[in-house]
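Student: Contents of protein32.csv (CSV, C-alpha atoms) are given next:
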chain,number,residue,atom,x,y,z
A,1,MET,CA,43.0,80.3,88.7
A,2,VAL,CA,43.6,83.0,91.2
A,3,LEU,CA,43.6,82.0,94.8
A,4,ARG,CA,42.3,84.6,97.2
A,5,ASN,CA,41.9,84.3,100.9
A,6,ARG,CA,38.5,85.5,101.8
A,7,ASN,CA,39.9,86.9,105.0
A,8,SER,CA,42.5,89.0,103.3
A,9,ASN,CA,42.5,91.5,100.5
A,10,MET,CA,46.1,90.7,99.6
A,11,GLY,CA,46.4,89.4,96.1
A,12,ILE,CA,48.7,86.6,94.8
A,13,LEU,CA,51.5,88.9,93.6
A,14,PRO,CA,52.1,90.6,97.0
A,15,ARG,CA,52.0,87.2,98.6
A,16,LEU,CA,54.6,85.9,96.2
A,17,ALA,CA,56.7,88.9,96.8
A,18,VAL,CA,56.6,88.2,100.6
A,19,ALA,CA,57.5,84.6,100.0
A,20,PHE,CA,60.4,85.5,97.8
A,21,ALA,CA,61.6,88.0,100.3
A,22,ALA,CA,61.4,85.4,103.0
A,23,CYS,CA,63.4,82.9,100.9
A,24,PHE,CA,66.0,85.6,100.1
A,25,MET,CA,66.3,86.5,103.8
A,26,ALA,CA,66.7,82.8,104.7
A,27,VAL,CA,69.5,82.4,102.2
A,28,ALA,CA,71.1,85.6,103.2
A,29,ALA,CA,71.0,84.5,106.8
A,30,GLN,CA,73.0,81.4,105.9
A,31,THR,CA,75.7,83.6,104.3
A,32,PRO,CA,78.1,85.0,106.8
A,33,ASP,CA,78.7,88.7,106.7
A,34,LEU,CA,82.4,89.3,106.5
A,35,SER,CA,82.0,93.1,106.4
A,36,GLY,CA,84.1,95.0,108.8
A,37,VAL,CA,87.8,95.8,109.6
A,38,TRP,CA,90.1,93.0,110.4
A,39,SER,CA,93.6,93.1,112.0
A,40,PRO,CA,96.2,90.4,111.3
A,41,TYR,CA,96.2,87.9,114.1
A,42,ARG,CA,99.6,86.4,114.6
A,43,GLY,CA,100.4,83.3,116.5
A,44,GLY,CA,102.8,83.3,119.4
A,45,ARG,CA,102.6,84.4,123.0
A,46,GLY,CA,99.1,85.1,124.1
A,47,ALA,CA,97.5,84.0,120.9
A,48,ASP,CA,94.9,81.2,120.9
A,49,PRO,CA,96.3,78.4,118.8
A,50,LYS,CA,92.9,77.4,117.7
A,51,LEU,CA,92.3,80.9,116.2
A,52,ALA,CA,95.8,81.5,114.9
A,53,ALA,CA,96.8,80.4,111.3
A,54,PRO,CA,97.9,76.8,110.8
A,55,MET,CA,101.3,76.0,109.5
A,56,PRO,CA,101.9,76.6,105.8
A,57,THR,CA,102.8,73.8,103.5
A,58,PRO,CA,106.3,73.8,102.1
A,59,LEU,CA,107.2,76.1,99.3
A,60,VAL,CA,108.6,73.7,96.6
A,61,LEU,CA,110.0,75.3,93.5
A,62,LYS,CA,110.8,73.5,90.3
A,63,PRO,CA,114.6,72.7,90.3
A,64,GLU,CA,115.6,75.4,87.8
A,65,TYR,CA,114.1,78.1,90.1
A,66,VAL,CA,115.6,76.9,93.4
A,67,LYS,CA,119.2,78.3,93.0
A,68,PRO,CA,118.3,81.8,91.9
A,69,TYR,CA,115.7,82.0,94.7
A,70,GLU,CA,118.1,80.8,97.4
A,71,GLU,CA,120.9,83.1,96.1
A,72,ARG,CA,118.6,86.1,96.4
A,73,ARG,CA,117.6,85.2,99.9
A,74,LYS,CA,121.2,84.7,100.9
A,75,ALA,CA,122.2,88.0,99.4
A,76,GLU,CA,119.4,89.7,101.4
A,77,ALA,CA,120.5,88.1,104.6
A,78,GLU,CA,124.1,89.0,104.1
A,79,SER,CA,123.3,92.6,103.2
A,80,ASN,CA,121.0,92.9,106.3
A,81,SER,CA,123.8,91.6,108.5
A,82,ARG,CA,126.0,94.4,107.3
A,83,GLY,CA,123.2,96.9,108.1
A,84,GLU,CA,122.4,97.5,104.4
A,85,GLN,CA,119.0,96.5,103.4
A,86,LEU,CA,118.7,95.7,99.6
A,87,ALA,CA,116.1,97.8,97.8
A,88,SER,CA,112.6,96.4,97.3
A,89,LYS,CA,109.6,97.8,95.5
A,90,ALA,CA,107.9,98.5,98.7
A,91,VAL,CA,110.8,100.9,99.7
A,92,GLN,CA,109.9,102.8,96.6
A,93,CYS,CA,106.2,102.9,97.7
A,94,ILE,CA,105.1,100.5,95.0
A,95,PRO,CA,102.1,98.5,96.4
A,96,TYR,CA,102.4,94.9,97.3
A,97,GLY,CA,99.6,93.4,95.1
A,98,MET,CA,98.2,89.9,95.5
A,99,PRO,CA,98.7,87.9,97.6
A,100,THR,CA,101.0,89.9,99.9
A,101,MET,CA,98.6,92.8,100.4
A,102,MET,CA,96.3,90.5,102.4
A,103,SER,CA,98.6,90.6,105.4
A,104,VAL,CA,101.1,93.5,105.8
A,105,ALA,CA,102.6,93.9,109.3
A,106,ILE,CA,99.8,94.9,111.6
A,107,TYR,CA,97.9,96.9,109.0
A,108,PRO,CA,94.1,96.2,109.0
A,109,VAL,CA,92.1,95.0,106.0
A,110,GLU,CA,88.5,96.0,105.4
A,111,PHE,CA,85.8,93.8,103.8
A,112,ILE,CA,82.8,95.4,102.2
A,113,GLN,CA,80.3,92.7,101.3
A,114,THR,CA,77.4,93.1,98.9
A,115,PRO,CA,75.6,90.3,97.0
A,116,LYS,CA,77.3,91.1,93.8
A,117,GLN,CA,80.8,92.2,95.0
A,118,VAL,CA,83.1,91.8,97.9
A,119,THR,CA,85.6,94.7,98.1
A,120,ILE,CA,88.8,94.3,100.1
A,121,ILE,CA,90.9,97.2,101.1
A,122,SER,CA,94.3,97.0,102.7
A,123,GLU,CA,95.3,100.0,104.9
A,124,ALA,CA,98.9,99.7,103.9
A,125,PHE,CA,99.2,101.6,100.6
A,126,SER,CA,95.4,101.8,100.4
A,127,GLU,CA,95.3,98.8,98.1
A,128,VAL,CA,91.9,97.7,96.8
A,129,ARG,CA,90.7,94.5,95.2
A,130,ARG,CA,87.3,93.6,94.0
A,131,VAL,CA,85.8,90.1,94.0
A,132,TYR,CA,82.9,89.8,91.6
A,133,MET,CA,80.3,87.3,92.9
A,134,GLY,CA,78.6,84.6,90.9
A,135,VAL,CA,80.2,85.3,87.5
A,136,PRO,CA,82.6,83.1,85.6
A,137,GLN,CA,86.3,83.6,85.6
A,138,ALA,CA,88.0,84.7,82.5
A,139,ALA,CA,90.9,82.7,80.8
A,140,ILE,CA,94.2,83.8,82.2
A,141,GLY,CA,95.3,85.0,78.8
A,142,ASP,CA,92.3,87.3,78.7
A,143,VAL,CA,93.1,89.2,81.9
A,144,ALA,CA,95.4,92.2,81.7
A,145,PRO,CA,98.3,91.4,84.1
A,146,GLY,CA,98.3,93.7,87.1
A,147,TYR,CA,98.7,93.9,90.9
A,148,TYR,CA,95.3,92.4,91.8
A,149,GLY,CA,94.3,90.5,88.7
A,150,ARG,CA,90.7,89.5,88.3
A,151,SER,CA,88.9,87.9,91.2
A,152,VAL,CA,85.6,86.0,91.1
A,153,GLY,CA,83.8,84.6,94.1
A,154,LYS,CA,81.2,82.1,95.2
A,155,TRP,CA,79.9,80.7,98.4
A,156,ASP,CA,80.6,77.2,99.4
A,157,GLY,CA,78.4,76.9,102.5
A,158,ASP,CA,79.9,79.3,105.0
A,159,THR,CA,83.1,79.8,103.0
A,160,LEU,CA,83.8,82.5,100.5
A,161,VAL,CA,85.8,80.9,97.7
A,162,VAL,CA,87.8,83.4,95.6
A,163,ASP,CA,89.6,82.6,92.4
A,164,THR,CA,92.2,85.1,91.2
A,165,VAL,CA,94.3,85.2,88.0
A,166,GLY,CA,96.2,87.8,86.1
A,167,ILE,CA,98.9,88.8,88.5
A,168,LYS,CA,101.9,90.4,86.9
A,169,PRO,CA,105.0,88.3,87.3
A,170,SER,CA,107.0,91.3,88.6
A,171,VAL,CA,104.6,91.6,91.6
A,172,ASN,CA,106.2,90.4,94.8
A,173,GLY,CA,105.3,86.8,95.4
A,174,TYR,CA,104.6,84.8,98.5
A,175,ARG,CA,107.9,84.7,100.6
A,176,GLY,CA,109.6,86.3,97.6
A,177,MET,CA,108.9,83.4,95.4
A,178,PRO,CA,109.0,83.9,91.6
A,179,HIS,CA,105.8,83.4,89.7
A,180,SER,CA,104.7,83.2,86.1
A,181,ASP,CA,101.7,84.6,84.3
A,182,GLN,CA,100.1,81.2,84.9
A,183,MET,CA,99.8,81.7,88.6
A,184,ARG,CA,96.3,81.1,90.1
A,185,ILE,CA,95.4,82.1,93.7
A,186,THR,CA,92.5,80.3,95.4
A,187,GLU,CA,91.3,81.7,98.7
A,188,ARG,CA,88.9,80.1,101.1
A,189,ILE,CA,87.7,82.8,103.5
A,190,ARG,CA,85.6,81.9,106.5
A,191,LEU,CA,84.8,82.9,110.1
A,192,VAL,CA,86.4,80.5,112.4
A,193,ALA,CA,84.8,82.2,115.4
A,194,PRO,CA,82.4,85.2,115.5
A,195,ASP,CA,85.3,87.7,115.5
A,196,TYR,CA,88.0,85.7,113.9
A,197,LEU,CA,88.6,85.2,110.2
A,198,HIS,CA,90.8,82.9,108.2
A,199,ASP,CA,91.9,83.4,104.6
A,200,GLU,CA,93.4,80.1,103.4
A,201,ILE,CA,95.4,80.9,100.3
A,202,THR,CA,96.6,78.3,97.8
A,203,ILE,CA,98.9,79.3,95.0
A,204,THR,CA,99.3,77.1,91.9
A,205,ASP,CA,101.8,77.9,89.2
A,206,PRO,CA,102.6,75.0,86.9
A,207,THR,CA,105.6,76.9,85.5
A,208,ILE,CA,107.3,77.7,88.8
A,209,LEU,CA,106.0,75.4,91.5
A,210,GLU,CA,106.5,71.7,91.8
A,211,LYS,CA,103.3,71.5,93.8
A,212,PRO,CA,100.8,74.1,95.1
A,213,VAL,CA,101.6,75.9,98.3
A,214,THR,CA,99.0,76.7,100.9
A,215,TYR,CA,99.2,79.2,103.8
A,216,THR,CA,96.7,81.0,105.9
A,217,ASN,CA,96.3,84.6,107.1
A,218,ALA,CA,94.4,84.9,110.3
A,219,TYR,CA,92.5,88.1,111.4
A,220,LYS,CA,90.7,89.5,114.4
A,221,ARG,CA,87.8,91.9,114.1
A,222,MET,CA,88.5,95.5,114.9
A,223,PRO,CA,85.1,96.9,116.0
A,224,ASN,CA,84.4,100.5,115.2
A,225,TYR,CA,87.8,101.0,113.6
A,226,GLU,CA,87.9,103.7,110.9
A,227,MET,CA,90.4,103.0,108.2
A,228,VAL,CA,93.3,105.4,107.8
A,229,GLU,CA,94.4,106.8,104.5
A,230,PHE,CA,97.9,105.9,103.2
A,231,VAL,CA,99.3,108.1,100.5
A,232,CYS,CA,103.0,107.9,100.0
A,233,ASP,CA,103.8,111.6,99.7
A,234,ASN,CA,106.8,111.8,102.0
A,235,ASN,CA,109.1,108.9,101.1
A,236,ARG,CA,112.5,109.8,102.3
A,237,GLU,CA,114.1,106.5,101.7
A,238,TYR,CA,116.1,106.2,98.6
A,239,VAL,CA,118.3,103.5,96.9
A,240,ASP,CA,122.0,104.3,96.5
A,241,GLU,CA,124.3,103.2,93.7
A,242,LYS,CA,124.8,99.8,95.4
A,243,GLY,CA,121.1,99.1,95.6
A,244,VAL,CA,121.0,99.7,99.3
A,245,VAL,CA,118.3,101.6,101.1
A,246,ARG,CA,119.3,104.9,102.7
A,247,LEU,CA,117.4,107.6,104.7
A,248,GLN,CA,117.5,111.2,103.6
A,249,VAL,CA,118.0,113.4,106.6
A,250,HIS,CA,117.2,117.2,106.6
A,251,ASP,CA,119.7,119.9,107.6
A,252,LYS,CA,117.2,122.0,109.4
B,253,MET,CA,102.4,105.9,131.8
B,254,ASN,CA,106.0,106.2,132.9
B,255,LEU,CA,109.0,104.4,131.3
B,256,ARG,CA,109.1,101.8,134.0
B,257,LYS,CA,105.5,100.8,133.4
B,258,LEU,CA,106.0,100.9,129.7
B,259,LEU,CA,108.9,98.5,130.0
B,260,LEU,CA,107.0,96.2,132.4
B,261,SER,CA,104.0,96.2,130.0
B,262,GLY,CA,106.2,94.6,127.3
B,263,ALA,CA,105.1,97.3,124.9
B,264,LEU,CA,108.7,98.0,124.0
B,265,ALA,CA,109.8,94.4,124.0
B,266,ALA,CA,109.4,93.9,120.3
B,267,LEU,CA,109.9,96.1,117.3
B,268,PRO,CA,107.0,98.1,115.8
B,269,ALA,CA,105.8,97.3,112.4
B,270,LEU,CA,106.9,99.0,109.1
B,271,ALA,CA,105.0,98.7,105.9
B,272,HIS,CA,107.9,99.0,103.5
B,273,HIS,CA,111.3,98.4,104.9
B,274,SER,CA,113.2,96.7,107.6
B,275,PHE,CA,115.1,98.4,110.5
B,276,THR,CA,118.4,97.5,109.0
B,277,MET,CA,119.7,101.0,108.5
B,278,PHE,CA,119.2,101.8,112.1
B,279,ASP,CA,121.4,100.5,114.9
B,280,MET,CA,118.7,98.9,117.1
B,281,THR,CA,121.3,98.0,119.8
B,282,LYS,CA,122.1,101.7,120.5
B,283,LYS,CA,120.1,104.4,122.0
B,284,VAL,CA,120.7,108.2,121.9
B,285,THR,CA,118.7,110.7,123.9
B,286,LEU,CA,117.8,114.0,122.2
B,287,VAL,CA,116.5,116.9,124.2
B,288,GLY,CA,115.5,119.8,121.9
B,289,SER,CA,112.9,121.9,120.2
B,290,ILE,CA,110.5,120.6,117.5
B,291,THR,CA,110.9,122.3,114.1
B,292,SER,CA,108.2,120.2,112.4
B,293,PHE,CA,106.1,117.1,113.0
B,294,GLU,CA,105.2,115.5,109.7
B,295,TRP,CA,102.1,113.1,109.9
B,296,THR,CA,102.8,111.5,106.6
B,297,ASN,CA,103.2,108.2,104.7
B,298,PRO,CA,105.0,105.9,104.4
B,299,HIS,CA,106.5,107.3,107.6
B,300,SER,CA,105.9,110.2,110.0
B,301,TYR,CA,108.9,112.3,110.9
B,302,ILE,CA,110.0,114.5,113.8
B,303,GLU,CA,112.4,117.3,112.9
B,304,ILE,CA,114.2,118.5,116.0
B,305,ASP,CA,116.9,121.1,116.9
B,306,VAL,CA,119.2,119.8,119.7
B,307,PRO,CA,121.5,122.3,121.4
B,308,ASP,CA,124.8,121.1,122.9
B,309,ALA,CA,126.7,122.3,125.9
B,310,GLN,CA,128.7,124.8,123.9
B,311,GLY,CA,125.6,126.5,122.5
B,312,ALA,CA,125.8,125.0,119.1
B,313,THR,CA,122.6,123.4,117.6
B,314,LYS,CA,122.5,120.2,115.7
B,315,HIS,CA,119.5,119.2,113.7
B,316,TRP,CA,118.1,115.6,113.6
B,317,SER,CA,115.5,113.9,111.4
B,318,ILE,CA,113.7,111.1,113.3
B,319,GLU,CA,111.7,108.5,111.5
B,320,MET,CA,108.6,107.0,113.0
B,321,GLY,CA,105.9,104.5,111.9
B,322,SER,CA,103.1,105.4,109.6
B,323,PRO,CA,100.1,107.3,110.9
B,324,SER,CA,98.2,104.0,110.9
B,325,ILE,CA,100.7,102.4,113.2
B,326,LEU,CA,101.1,105.4,115.4
B,327,LEU,CA,97.4,105.8,116.0
B,328,GLN,CA,97.5,102.4,117.6
B,329,SER,CA,99.8,103.6,120.3
B,330,GLY,CA,98.2,106.9,121.1
B,331,TRP,CA,99.7,109.4,118.7
B,332,LYS,CA,97.6,112.0,116.9
B,333,PHE,CA,98.4,114.3,114.0
B,334,ASN,CA,98.9,117.2,116.4
B,335,SER,CA,100.6,115.4,119.2
B,336,LEU,CA,103.7,117.6,118.6
B,337,ARG,CA,103.8,121.2,117.4
B,338,LYS,CA,106.6,123.5,116.2
B,339,GLY,CA,108.5,124.9,119.2
B,340,ASP,CA,107.5,122.1,121.6
B,341,LYS,CA,110.3,121.1,124.0
B,342,THR,CA,110.6,117.4,123.8
B,343,THR,CA,112.8,114.5,124.8
B,344,LEU,CA,113.3,111.7,122.3
B,345,ILE,CA,115.1,108.4,122.7
B,346,ILE,CA,116.1,107.1,119.3
B,347,ASN,CA,118.0,104.3,117.6
B,348,PRO,CA,120.6,106.1,115.5
B,349,LEU,CA,121.4,105.6,111.8
B,350,ARG,CA,124.3,103.3,111.3
B,351,SER,CA,125.7,105.7,108.7
B,352,GLY,CA,126.5,108.3,111.4
B,353,ASN,CA,124.2,110.9,109.8
B,354,ALA,CA,122.0,112.9,112.2
B,355,GLY,CA,119.0,110.7,111.9
B,356,GLY,CA,117.4,107.8,113.7
B,357,PHE,CA,114.3,105.7,114.4
B,358,LEU,CA,112.1,106.8,117.3
B,359,PHE,CA,112.1,104.5,120.4
B,360,LEU,CA,110.3,106.7,122.9
B,361,ALA,CA,109.0,110.3,123.0
B,362,THR,CA,108.2,112.4,126.1
B,363,LEU,CA,105.7,115.0,125.0
B,364,PRO,CA,105.5,118.4,126.6
B,365,ASP,CA,102.5,117.3,128.8
B,366,GLY,CA,104.6,114.4,130.2
B,367,ARG,CA,103.0,111.6,128.2
B,368,MET,CA,105.4,109.0,126.9
B,369,LEU,CA,104.6,107.5,123.6
B,370,THR,CA,106.3,104.6,121.8
B,371,ASN,CA,106.7,104.2,118.0
B,372,GLY,CA,103.6,102.0,117.4
B,373,PRO,CA,102.4,98.9,119.1
B,374,ALA,CA,104.7,96.0,119.6
B,375,GLN,CA,104.6,93.3,117.0
B,376,PRO,CA,102.9,90.9,117.4
B,377,GLN,CA,100.3,92.3,119.7
B,378,GLN,CA,96.7,91.2,119.6
What does this structure look like when you write it as structure tokens?
Tutor:
Amino acid sequence: MVLRNRNSNMGILPRLAVAFAACFMAVAAQTPDLSGVWSPYRGGRGADPKLAAPMPTPLVLKPEYVKPYEERRKAEAESNSRGEQLASKAVQCIPYGMPTMMSVAIYPVEFIQTPKQVTIISEAFSEVRRVYMGVPQAAIGDVAPGYYGRSVGKWDGDTLVVDTVGIKPSVNGYRGMPHSDQMRITERIRLVAPDYLHDEITITDPTILEKPVTYTNAYKRMPNYEMVEFVCDNNREYVDEKGVVRLQVHDK
Amino acid sequence: MNLRKLLLSGALAALPALAHHSFTMFDMTKKVTLVGSITSFEWTNPHSYIEIDVPDAQGATKHWSIEMGSPSILLQSGWKFNSLRKGDKTTLIINPLRSGNAGGFLFLATLPDGRMLTNGPAQPQQ
């Protein structure tokens, strides 16, 4: 039976379309819009402690990984004290990858949010990651190891929850930690105030970590900021035979 | 903004940010003043560079390569891609390389129009 309002010539299909549109808009209104450019918001002097990142949990490696990790950190500290920074991949303009790319010095990150995909771009090294919304995650072994892995997302109320697997073990880890191909990164991204964003990152790695480690990157909105390109076409740093970073100076 | 105001503002109180290496190769405790003529201003990544010829009292010229932050960082403290041009007479205060080579890291530049620009915003600065 077709219901028709005598006072309107609008049929049932247009009415349904309007109703669906209203429902969609209502759902959309409940989903925060993270789109925009965000600058890392550090704690410390002048920062609002309620908006700054909370303290991270301890990084607890399995016993067999503790000694090599600490030896590397000690070697870096000793070399720095001599004024000789040890080489890193970043010195050679190799991108950071996940999760480091989410907060590099003061470089902004841009979120572009659509219903099916959230795209995140870091200004440093122009790194790009894509979060596919509402689709299942693949098995770790089915994702080609890379710098950004495969990320899928879903909304948990006002929080964007992102699951990432498939990070290549050679990619720089959180605080320089080693990680295996079993590493999984879970992010809970939400607005803590209209112009402040938190990305709570939990790393699990049953091979390397005794227990998961959680830390948070905090951001402040940069209204009207236009992202700057970052192409490494003039890298004058080089690594000498001792593995130390040097600067190439020009004669003229 | 003059140097006194810059110092009072705290803008120089902390080190600027680098994307891909530390300041280790530069002696951040020392400052050298270079007064010379720009031979090139390279607005590039991962760093921008100022190439400058600096004459000495005897009439000889020494060339220096001065590293800066990236364009992204420099934009946040007032620099533009054309802030310096070949031939500009400029004064630079730098932190020299520990190696003794004629290079350094920019601390403060005085542009031909008198503006004084730092090497990117202090970190952290919100």
Student: Mind giving me the straight-line distance from CA of Ser324 in chain B to CA of Glu229 in chain A in Å, one decimal?
Tutor: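 Answer for the CA of Ser324 in chain B to CA of Glu229 in chain A separation: 8.0 Å.
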Student: Determine, counting all atoms listed in the file, which protein, DNA and RNA residues have an atom within 9 Å of an atom of Asp251 in chain A; residues of the same chain fewer than 5 positions away are not included. Present the result as a ChimeraX atom specification.
Tutor: /B:314-317,354
Student: Would you mind telling me which residue in A:Gly134, A:Gln113, A:Ala52, A:Pro32 lies nearest to Asp158 in chain A when using only C-alpha atoms?
Tutor: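 Of A:Gly134, A:Gln113, A:Ala52, A:Pro32, the one nearest Asp158 in chain A, counting only C-alpha atoms, is A:Pro32.
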Student: So that I can check the surroundings of Ile208 in chain A, please list as a list in words every protein, DNA and RNA residue that reaches within 9 Å of it, counting only C-alpha atoms and ignoring chain neighbours fewer than 4 positions away.
Tutor: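 In the requested format, the answer is Val60, Leu61, Lys62, Pro63, Glu64, Tyr65, Met177, Pro178, His179, Ser180, Gln182, Met183 and Thr204 of chain A.
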Student: Give one line per residue of chain A that approaches chain B to at most 6 Å, naming the two atoms of the closest pair and their distance in Å to one decimal, counting all atoms listed in the file; sort by chain then ascending residue number and deliver it as JSON lines.
Tutor:
{"residue": "A:Asn80", "atom": "CA", "partner": "B:Thr276", "partner_atom": "CA", "distance": 5.9}
{"residue": "A:Gly83", "atom": "CA", "partner": "B:Thr276", "partner_atom": "CA", "distance": 4.9}
{"residue": "A:Gln85", "atom": "CA", "partner": "B:Thr276", "partner_atom": "CA", "distance": 5.7}
{"residue": "A:Ala90", "atom": "CA", "partner": "B:His272", "partner_atom": "CA", "distance": 4.8}
{"residue": "A:Val91", "atom": "CA", "partner": "B:His272", "partner_atom": "CA", "distance": 5.1}
{"residue": "A:Ala105", "atom": "CA", "partner": "B:Ala269", "partner_atom": "CA", "distance": 5.6}
{"residue": "A:Val228", "atom": "CA", "partner": "B:Ser324", "partner_atom": "CA", "distance": 6.0}
{"residue": "A:Phe230", "atom": "CA", "partner": "B:Asn297", "partner_atom": "CA", "distance": 6.0}
{"residue": "A:Val231", "atom": "CA", "partner": "B:Asn297", "partner_atom": "CA", "distance": 5.7}
{"residue": "A:Cys232", "atom": "CA", "partner": "B:Asn297", "partner_atom": "CA", "distance": 4.7}
{"residue": "A:Asn234", "atom": "CA", "partner": "B:Asn297", "partner_atom": "CA", "distance": 5.8}
{"residue": "A:Val249", "atom": "CA", "partner": "B:Ser317", "partner_atom": "CA", "distance": 5.4}
{"residue": "A:Lys252", "atom": "CA", "partner": "B:His315", "partner_atom": "CA", "distance": 5.6}
Student: A:Val37, A:Leu209, A:Met55, A:Ile94: which is nearest Tyr147 in chain A, counting all atoms listed in the file?
Tutor: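 Closest residue, counting all atoms listed in the file: A:Ile94.
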Student: So which residues touch Asp365 in chain B within 12 Å, counting all atoms listed in the file, skipping near sequence neighbours fewer than 2 positions away, as a list of chain:residue names?
Tutor: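 Listed by chain and then number, they are B:Met253, B:Ser335, B:Leu336, B:Asp340, B:Lys341, B:Thr342, B:Thr343, B:Ala361, B:Thr362, B:Leu363, B:Arg367, B:Met368, B:Leu369.
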Student: Provide the CA of Tyr219 in chain A to CA of Asp163 in chain A distance in Å, to one decimal place.
Tutor: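 Between CA of Tyr219 in chain A and CA of Asp163 in chain A the gap works out to 20.0 Å.
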Student: I need the residue nearest Ser289 in chain B from this list: B:Leu344, B:Met320, B:Leu360, B:Ala309. Use all atoms listed in the file for the distance.
Tutor: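 Among B:Leu344, B:Met320, B:Leu360, B:Ala309, it is B:Leu344 that comes nearest to Ser289 in chain B.
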Student: At a cut-off of 10 Å around the point (116.0, 98.6, 98.0) (file coordinates), what residues fall inside when counting all atoms listed in the file? I'd like the answer as a PyMOL selection string.
Tutor: (chain A and resi 84-92+237-240+242-246) or (chain B and resi 272-273)
Student: Would you compute the distance between CA of Lys154 in chain A and CA of Val135 in chain A? Give it in Å to one decimal.
Tutor: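 Pair CA of Lys154 in chain A / CA of Val135 in chain A returns 8.4 Å.
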